[in-house]
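> Would you mind keeping the following structure in view while I ask a few things?
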Amino acid sequence: MARICEEIISIAENTDPMELHGYMSNAGYPFVRSAVAESLNRRFGTGFTGENIIMTVGAAGGLNIVLKTLLNPDDEVLVFSPYFLEYGNYVSNYDGVLKAVPASEADGFQPDAAALYSAVNEKTKAVIINNPNNPTGVIYSEEKIKELAAALEKRQAELGTSIYIISDEPYRELAYDGAEVPYITKHYRNTIVCYSWSKSLSLPGERIGYVVIPSEADDSALIVSAAVIANRILGFVNAPALQQRMVAACLDEKTDVGAYDRNRQTLYNGLKSAGFEPVYPSGAFYMWVKAPDGDDKAFSQRAKKYNILFVPGSSFACPGYVRIAYCVSHDMIVRSLPAFKKLGEEYGL
């Protein structure tokens, strides 16, 4: 965070105000887009140029310009449940239809390629994948990504249509125990990536991110052109000028994953000790916990007596579980454990 603040101050002090705060292409500054592409190429062995990158108002802004670009009325977008609730709002913004495909609970909430294959039909335009996943904290493995890619390639050939994976990746940098998050463009050419620095640089209120549209994707040039226009007509106009310059200078900065990891382990062990059944997260900063009696809403309501705030799994299209966010101080995690113990005792755990 100190480096980010220093960079913002330096940019503000050393850049002509007319240049610093002026308009640029709706796709973003060319030098920033090129820097992002070069960074991705170094990290993941990709072959992007600045022309494949559009700077956006966070990953949410990116998702909206992509959906605006791709969807016709009644087109379907598939997503694995549990999923981030706002996907439904984003899809309905453009008269699309969101359909949930259950992830495999028996397989630790990994995506189910066979279920995805069965759900795809002639109306399917895209599949949103959130990796690492909110709310489970699960990282979809490379093996599972390859299975999903194979299923979609087969359905594309059978239906004679293009089906895009929209990879929503704001938690990409938050991975634990040496886990790697697969870069999906390397496994499926019709992939569009939406990224945000909100989590990787701990800047949730600054709303700065990008979209990657690979040249290999079907109708890539047309999608890029349309997405740039969507950036403008949806009201974003362009990603914030100052934040674009800042992230270009901070592409190698990393968040303190160790602090999140400490919280993860303390909370997980505390919940297990209290008799609960949490899913051990591999990424992000959420704990997915089974409701003791299967009623996630009643469980969430009862927890409030102990100043514990859950989000019911029903909100993520997966009842029977709750989500806890552990992006708080470690001291708060420690102080909460007796309350979890008391809550567990109410359920006879």
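In the structure tokens, chains take letters A, B, ... by order of appearance, with residues numbered from 1 within each chain and ligands from 1 in the order shown.
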Can you tell me which residues surround range 94-99 of chain A at a distance of at most 6 Å, considering only C-alpha atoms, apart from same-chain residues fewer than 5 positions away, and format the answer as a list in words?
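What passes the distance filter is Lys68, Pro73, Asp74, Asp75, Glu76, Val77, Leu78 and Gly88 of chain A.
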> Counting only C-alpha atoms, what is within 7 Å of range 276-279 of chain A, bar same-chain residues fewer than 6 positions away, as an NGL selection string?
:A and (268 or 287-290)
> With distances taken over only C-alpha atoms, which residue among A:Thr136, A:Gln244, A:Ser220, A:Ser329 lies nearest Tyr29 in chain A?
A:Gln244
> Write out as a PyMOL selection string each polymer residue whose atoms come within 12 Å of Leu267 in chain A, counting only C-alpha atoms; drop sequence neighbours fewer than 3 positions from it.
chain A and resi 260-264+270-274+276-281+285-289+324-341
> With C-alpha atoms retained, write the just-selected residues as a PDB file, in the first residue's frame.

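The result, stored in selection_39.pdb:
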ATOM      1  CA  TYR A 260      -5.028 -13.731   4.704  1.00  0.00           C
ATOM      2  CA  ASP A 261      -3.529 -17.198   5.111  1.00  0.00           C
ATOM      3  CA  ARG A 262      -3.091 -16.692   8.857  1.00  0.00           C
ATOM      4  CA  ASN A 263      -6.751 -15.688   9.138  1.00  0.00           C
ATOM      5  CA  ARG A 264      -7.783 -18.643   6.980  1.00  0.00           C
ATOM      6  CA  GLY A 270     -11.543 -22.674  15.189  1.00  0.00           C
ATOM      7  CA  LEU A 271     -14.645 -23.707  13.266  1.00  0.00           C
ATOM      8  CA  LYS A 272     -13.559 -27.344  13.171  1.00  0.00           C
ATOM      9  CA  SER A 273     -12.872 -27.233  16.896  1.00  0.00           C
ATOM     10  CA  ALA A 274     -16.376 -25.859  17.472  1.00  0.00           C
ATOM     11  CA  PHE A 276     -18.679 -27.086  12.268  1.00  0.00           C
ATOM     12  CA  GLU A 277     -17.940 -28.399   8.757  1.00  0.00           C
ATOM     13  CA  PRO A 278     -16.123 -25.716   6.752  1.00  0.00           C
ATOM     14  CA  VAL A 279     -14.738 -26.241   3.253  1.00  0.00           C
ATOM     15  CA  TYR A 280     -10.979 -25.594   3.376  1.00  0.00           C
ATOM     16  CA  PRO A 281     -10.444 -22.703   0.947  1.00  0.00           C
ATOM     17  CA  PHE A 285     -10.863 -14.812   1.525  1.00  0.00           C
ATOM     18  CA  TYR A 286     -14.110 -16.653   2.174  1.00  0.00           C
ATOM     19  CA  MET A 287     -15.010 -19.678   4.266  1.00  0.00           C
ATOM     20  CA  TRP A 288     -17.902 -21.857   3.078  1.00  0.00           C
ATOM     21  CA  VAL A 289     -19.527 -23.589   6.033  1.00  0.00           C
ATOM     22  CA  ILE A 324     -17.955 -16.011   6.111  1.00  0.00           C
ATOM     23  CA  ALA A 325     -15.507 -13.322   4.948  1.00  0.00           C
ATOM     24  CA  TYR A 326     -12.169 -13.357   6.784  1.00  0.00           C
ATOM     25  CA  CYS A 327     -10.675 -10.200   5.256  1.00  0.00           C
ATOM     26  CA  VAL A 328     -10.518  -8.645   8.747  1.00  0.00           C
ATOM     27  CA  SER A 329      -7.842  -8.222  11.406  1.00  0.00           C
ATOM     28  CA  HIS A 330      -6.390 -11.400  12.874  1.00  0.00           C
ATOM     29  CA  ASP A 331      -7.350 -10.153  16.324  1.00  0.00           C
ATOM     30  CA  MET A 332     -10.999 -10.073  15.263  1.00  0.00           C
ATOM     31  CA  ILE A 333     -10.766 -13.681  14.087  1.00  0.00           C
ATOM     32  CA  VAL A 334      -9.305 -14.749  17.440  1.00  0.00           C
ATOM     33  CA  ARG A 335     -11.900 -12.781  19.434  1.00  0.00           C
ATOM     34  CA  SER A 336     -14.718 -14.378  17.432  1.00  0.00           C
ATOM     35  CA  LEU A 337     -13.831 -17.999  18.193  1.00  0.00           C
ATOM     36  CA  PRO A 338     -15.598 -18.199  21.593  1.00  0.00           C
ATOM     37  CA  ALA A 339     -18.765 -16.918  19.913  1.00  0.00           C
ATOM     38  CA  PHE A 340     -18.529 -19.643  17.268  1.00  0.00           C
ATOM     39  CA  LYS A 341     -18.093 -22.159  20.092  1.00  0.00           C
TER      40      LYS A 341
END
> Neighbouring residues of range 225-233 of chain A were defined as those with any atom within 9 Å, considering only C-alpha atoms; residues of the same chain fewer than 2 positions away were excluded. Please report them as a list in words.
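Listed by chain and then number, they are Ser25, Asn26, Ala27, Ile54, Met55, Thr56, Val57, Gly61, Gly62, Asn64, Ile65, Val66, Leu67, Lys68, Thr69, Leu70, Ser220, Ala221, Leu222, Ile223, Gly235, Phe236, Val237, Asn238 and Ala239 of chain A.
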> Hey, can you spit out that residue selection with N, CA and C atoms as a CSV table (one decimal), in the first residue's frame?

chain,number,residue,atom,x,y,z
A,25,SER,N,-8.3,7.3,-25.2
A,25,SER,CA,-9.2,6.3,-25.8
A,25,SER,C,-10.0,5.7,-24.8
A,26,ASN,N,-11.3,5.3,-25.2
A,26,ASN,CA,-12.2,4.6,-24.3
A,26,ASN,C,-11.6,3.3,-23.9
A,27,ALA,N,-10.7,2.8,-24.6
A,27,ALA,CA,-10.0,1.5,-24.3
A,27,ALA,C,-9.0,1.7,-23.2
A,54,ILE,N,-8.5,-4.0,-22.7
A,54,ILE,CA,-9.3,-2.8,-22.5
A,54,ILE,C,-9.3,-2.5,-21.0
A,55,MET,N,-9.0,-1.3,-20.7
A,55,MET,CA,-9.0,-0.9,-19.3
A,55,MET,C,-10.4,-0.6,-18.8
A,56,THR,N,-10.8,-1.1,-17.6
A,56,THR,CA,-12.2,-1.0,-17.2
A,56,THR,C,-12.3,-0.5,-15.8
A,57,VAL,N,-13.5,-0.2,-15.4
A,57,VAL,CA,-13.8,0.3,-14.1
A,57,VAL,C,-14.1,-1.0,-13.2
A,61,GLY,N,-17.2,-3.7,-14.0
A,61,GLY,CA,-17.3,-2.9,-15.2
A,61,GLY,C,-17.0,-3.8,-16.4
A,62,GLY,N,-15.9,-4.6,-16.3
A,62,GLY,CA,-15.5,-5.4,-17.4
A,62,GLY,C,-16.5,-6.4,-17.7
A,64,ASN,N,-19.7,-6.2,-17.3
A,64,ASN,CA,-20.8,-5.6,-18.0
A,64,ASN,C,-20.6,-5.2,-19.4
A,65,ILE,N,-19.4,-4.7,-19.7
A,65,ILE,CA,-19.1,-4.4,-21.1
A,65,ILE,C,-19.0,-5.6,-22.0
A,66,VAL,N,-18.5,-6.7,-21.4
A,66,VAL,CA,-18.5,-8.0,-22.2
A,66,VAL,C,-19.9,-8.5,-22.4
A,67,LEU,N,-20.7,-8.5,-21.4
A,67,LEU,CA,-22.1,-9.0,-21.6
A,67,LEU,C,-22.9,-8.1,-22.5
A,68,LYS,N,-22.7,-6.8,-22.4
A,68,LYS,CA,-23.3,-5.9,-23.3
A,68,LYS,C,-22.9,-6.2,-24.8
A,69,THR,N,-21.7,-6.5,-25.0
A,69,THR,CA,-21.1,-6.8,-26.3
A,69,THR,C,-21.7,-8.2,-26.8
A,70,LEU,N,-21.7,-9.2,-26.0
A,70,LEU,CA,-22.0,-10.5,-26.5
A,70,LEU,C,-23.5,-10.9,-26.6
A,220,SER,N,-12.9,-11.8,-32.7
A,220,SER,CA,-12.1,-11.1,-31.7
A,220,SER,C,-12.1,-9.6,-32.0
A,221,ALA,N,-11.8,-9.2,-33.3
A,221,ALA,CA,-11.7,-7.8,-33.6
A,221,ALA,C,-13.0,-7.1,-33.4
A,222,LEU,N,-14.1,-7.7,-33.8
A,222,LEU,CA,-15.4,-7.2,-33.7
A,222,LEU,C,-15.8,-7.0,-32.2
A,223,ILE,N,-15.4,-8.0,-31.4
A,223,ILE,CA,-15.7,-7.9,-29.9
A,223,ILE,C,-14.9,-6.8,-29.3
A,235,GLY,N,-21.7,4.3,-19.7
A,235,GLY,CA,-21.5,5.4,-18.8
A,235,GLY,C,-20.1,5.4,-18.1
A,236,PHE,N,-19.3,4.3,-18.3
A,236,PHE,CA,-18.0,4.4,-17.7
A,236,PHE,C,-17.1,5.4,-18.4
A,237,VAL,N,-17.3,5.5,-19.7
A,237,VAL,CA,-16.5,6.4,-20.6
A,237,VAL,C,-15.1,5.8,-20.7
A,238,ASN,N,-14.3,5.8,-19.6
A,238,ASN,CA,-13.0,5.2,-19.6
A,238,ASN,C,-12.6,4.9,-18.2
A,239,ALA,N,-11.7,4.0,-18.0
A,239,ALA,CA,-11.2,3.7,-16.7
A,239,ALA,C,-10.5,4.9,-16.1
> Report as a ChimeraX atom specification: the residues of range 49-271 of chain A with a DSSP assignment of strand (DSSP E), based on the backbone of this structure.
/A:53-56,76-81,97-102,124-130,164-168,191-196,209-212
